[in-house]
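Heads up: the structure comes next, in structure tokens.
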Amino acid sequence: MTIALVTCSGVSNTGKLTTQAGMLLMQRKPGRFLCINCKQSAESLRLDAGGAEHLIVLDGCTDCCATKKITVAGLVPHAHIIATELGIRKNGMAEVQYDEIETLVRAITEQTRDE
């Protein structure tokens, strides 16, 4: 089963975190996860994520930039995770911490446990 992770990929620490967590899962479970940056066009998102069997949107904060882009693309996610709602503090251009990556990876794993 292919799980597409559409990431916020913003410039803040929480935006960068979504991409780093997605990339880590792609490394840990090759072929299972596909990490897609939401900054591409809606048409590209439809092409890249539309064929996935499970779609998870990873937003860095409650601005929900990735969710907005997925909506424009006409896709409906199976799950939506917001990093700041996991207790991760949005801190401008701060470096992403390893424990924050692991927190987000755990949340993603919880959503895909039965898949």
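If you're wondering about the labels, chains in the structure tokens are A, B, ... by order shown, residues count from 1 in each chain, ligands from 1 in order shown.
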Please extract the residues of chain A with a backbone DSSP assignment of strand (DSSP E) and present them as a list in words. Ile3, Ala4, Leu5, Val6, Thr7, Phe33, Leu34, Cys35, Ile36, Asn37, His54, Leu55, Ile56, Val57, Leu58, Asp59, Ala79, His80, Ile81 and Ile82 of chain A
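Pairwise distance (CA of Tyr98 (chain A), CA of Asn37 (chain A)) equals 20.3 Å.
What separates CA of Pro30 (chain A) from CA of Cys65 (chain A) is a distance of 26.4 Å.
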Excluding region 3-14 of chain A and any residue of its chain fewer than 5 positions from it, enumerate the residues within 8 Å of it, using only C-alpha atoms, and give them as a ChimeraX atom specification. /A:19,22,32-39,49,52-61,64-66,83-84,88-96
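When CA of Arg106 (chain A) is paired with CA of Thr71 (chain A), their separation reads 25.0 Å.
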Between A:Ser44, A:Thr62, A:Thr2, A:Thr103, which one has atoms that come closest to Gly74 (chain A), using only C-alpha atoms? A:Ser44
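Summary of the local environment: counting only C-alpha atoms, residues at most 9 Å from Ala107 (chain A), other than itself and those fewer than 5 positions away along its chain, are Ile81, Leu86, Glu102 and Thr112 of chain A.
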Run DSSP on the backbone and grab whatever in chain A lands in alpha helix (DSSP H); send it over as number ranges by chain. A: 13-28, 42-49, 65-72, 98-112
Would you mind exporting the chosen residues as a short mmCIF file (atom, residue, chain, number, x, y, z; two decimals), in the first residue's frame, restricted to N, CA and C atoms?
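Generated file (result.cif):
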```cif
data_model
loop_
_atom_site.label_atom_id
_atom_site.label_comp_id
_atom_site.auth_asym_id
_atom_site.auth_seq_id
_atom_site.Cartn_x
_atom_site.Cartn_y
_atom_site.Cartn_z
N ASN A 13 10.19 26.40 11.36
CA ASN A 13 10.66 25.11 11.87
C ASN A 13 9.60 24.02 11.73
N THR A 14 8.33 24.36 11.95
CA THR A 14 7.29 23.33 11.85
C THR A 14 7.01 22.95 10.40
N GLY A 15 7.16 23.89 9.48
CA GLY A 15 7.01 23.56 8.07
C GLY A 15 8.12 22.64 7.60
N LYS A 16 9.36 22.97 7.97
CA LYS A 16 10.50 22.11 7.62
C LYS A 16 10.36 20.74 8.26
N LEU A 17 9.81 20.72 9.47
CA LEU A 17 9.61 19.47 10.20
C LEU A 17 8.75 18.49 9.41
N THR A 18 7.68 18.97 8.78
CA THR A 18 6.80 18.06 8.04
C THR A 18 7.55 17.34 6.93
N THR A 19 8.40 18.07 6.23
CA THR A 19 9.18 17.46 5.14
C THR A 19 10.20 16.49 5.70
N GLN A 20 10.88 16.86 6.77
CA GLN A 20 11.90 15.99 7.34
C GLN A 20 11.29 14.69 7.86
N ALA A 21 10.11 14.77 8.46
CA ALA A 21 9.44 13.55 8.94
C ALA A 21 9.05 12.67 7.76
N GLY A 22 8.52 13.28 6.71
CA GLY A 22 8.16 12.51 5.52
C GLY A 22 9.35 11.83 4.88
N MET A 23 10.46 12.54 4.78
CA MET A 23 11.68 11.98 4.19
C MET A 23 12.22 10.83 5.05
N LEU A 24 12.15 10.98 6.36
CA LEU A 24 12.63 9.93 7.26
C LEU A 24 11.79 8.66 7.07
N LEU A 25 10.48 8.81 6.96
CA LEU A 25 9.64 7.63 6.75
C LEU A 25 9.92 6.98 5.40
N MET A 26 10.21 7.77 4.39
CA MET A 26 10.57 7.20 3.09
C MET A 26 11.85 6.38 3.20
N GLN A 27 12.79 6.83 4.04
CA GLN A 27 14.04 6.09 4.23
C GLN A 27 13.82 4.82 5.06
N ARG A 28 13.00 4.93 6.10
CA ARG A 28 12.77 3.79 6.98
C ARG A 28 11.92 2.70 6.32
N ALA A 42 -1.70 22.48 -8.15
CA ALA A 42 -2.80 21.60 -7.79
C ALA A 42 -2.86 20.41 -8.74
N GLU A 43 -2.62 20.65 -10.02
CA GLU A 43 -2.64 19.56 -11.01
C GLU A 43 -1.54 18.54 -10.72
N SER A 44 -0.35 19.01 -10.37
CA SER A 44 0.74 18.10 -10.02
C SER A 44 0.41 17.29 -8.77
N LEU A 45 -0.21 17.94 -7.80
CA LEU A 45 -0.63 17.22 -6.59
C LEU A 45 -1.63 16.12 -6.94
N ARG A 46 -2.58 16.44 -7.79
CA ARG A 46 -3.57 15.43 -8.21
C ARG A 46 -2.87 14.23 -8.85
N LEU A 47 -1.90 14.52 -9.71
CA LEU A 47 -1.19 13.45 -10.39
C LEU A 47 -0.32 12.64 -9.42
N ASP A 48 0.39 13.33 -8.53
CA ASP A 48 1.32 12.66 -7.62
C ASP A 48 0.64 11.94 -6.46
N ALA A 49 -0.40 12.56 -5.89
CA ALA A 49 -1.03 12.02 -4.69
C ALA A 49 -2.35 11.31 -4.96
N CYS A 65 -1.59 25.24 5.41
CA CYS A 65 -1.27 25.51 4.00
C CYS A 65 -1.38 24.26 3.13
N ALA A 66 -0.91 23.13 3.62
CA ALA A 66 -0.99 21.90 2.82
C ALA A 66 -2.43 21.47 2.63
N THR A 67 -3.24 21.62 3.65
CA THR A 67 -4.65 21.27 3.55
C THR A 67 -5.36 22.13 2.52
N LYS A 68 -5.06 23.42 2.52
CA LYS A 68 -5.67 24.33 1.54
C LYS A 68 -5.31 23.91 0.13
N LYS A 69 -4.07 23.53 -0.09
CA LYS A 69 -3.62 23.15 -1.43
C LYS A 69 -4.26 21.84 -1.87
N ILE A 70 -4.38 20.90 -0.96
CA ILE A 70 -5.02 19.61 -1.26
C ILE A 70 -6.49 19.83 -1.63
N THR A 71 -7.14 20.74 -0.92
CA THR A 71 -8.55 21.05 -1.20
C THR A 71 -8.70 21.62 -2.60
N VAL A 72 -7.80 22.54 -2.97
CA VAL A 72 -7.83 23.12 -4.32
C VAL A 72 -7.61 22.02 -5.37
N TYR A 98 15.49 16.60 16.61
CA TYR A 98 15.26 15.19 16.33
C TYR A 98 14.02 14.67 17.05
N ASP A 99 13.84 15.06 18.31
CA ASP A 99 12.68 14.57 19.06
C ASP A 99 11.37 15.06 18.45
N GLU A 100 11.39 16.22 17.80
CA GLU A 100 10.18 16.72 17.12
C GLU A 100 9.88 15.87 15.88
N ILE A 101 10.91 15.49 15.17
CA ILE A 101 10.74 14.62 14.01
C ILE A 101 10.12 13.29 14.46
N GLU A 102 10.66 12.73 15.52
CA GLU A 102 10.15 11.46 16.03
C GLU A 102 8.71 11.57 16.52
N THR A 103 8.36 12.70 17.13
CA THR A 103 6.98 12.92 17.57
C THR A 103 6.03 12.89 16.38
N LEU A 104 6.40 13.57 15.30
CA LEU A 104 5.56 13.60 14.11
C LEU A 104 5.53 12.23 13.43
N VAL A 105 6.66 11.56 13.36
CA VAL A 105 6.71 10.22 12.77
C VAL A 105 5.80 9.26 13.54
N ARG A 106 5.80 9.34 14.86
CA ARG A 106 4.91 8.50 15.68
C ARG A 106 3.44 8.78 15.35
N ALA A 107 3.10 10.05 15.20
CA ALA A 107 1.72 10.42 14.89
C ALA A 107 1.31 9.85 13.52
N ILE A 108 2.21 9.91 12.57
CA ILE A 108 1.93 9.36 11.23
C ILE A 108 1.76 7.85 11.33
N THR A 109 2.65 7.22 12.05
CA THR A 109 2.60 5.77 12.22
C THR A 109 1.30 5.33 12.88
N GLU A 110 0.82 6.11 13.83
CA GLU A 110 -0.47 5.81 14.47
C GLU A 110 -1.60 5.81 13.45
N GLN A 111 -1.54 6.73 12.51
CA GLN A 111 -2.58 6.84 11.48
C GLN A 111 -2.51 5.71 10.44
N THR A 112 -1.37 5.08 10.34
CA THR A 112 -1.18 4.04 9.31
C THR A 112 -1.03 2.65 9.89
#
```
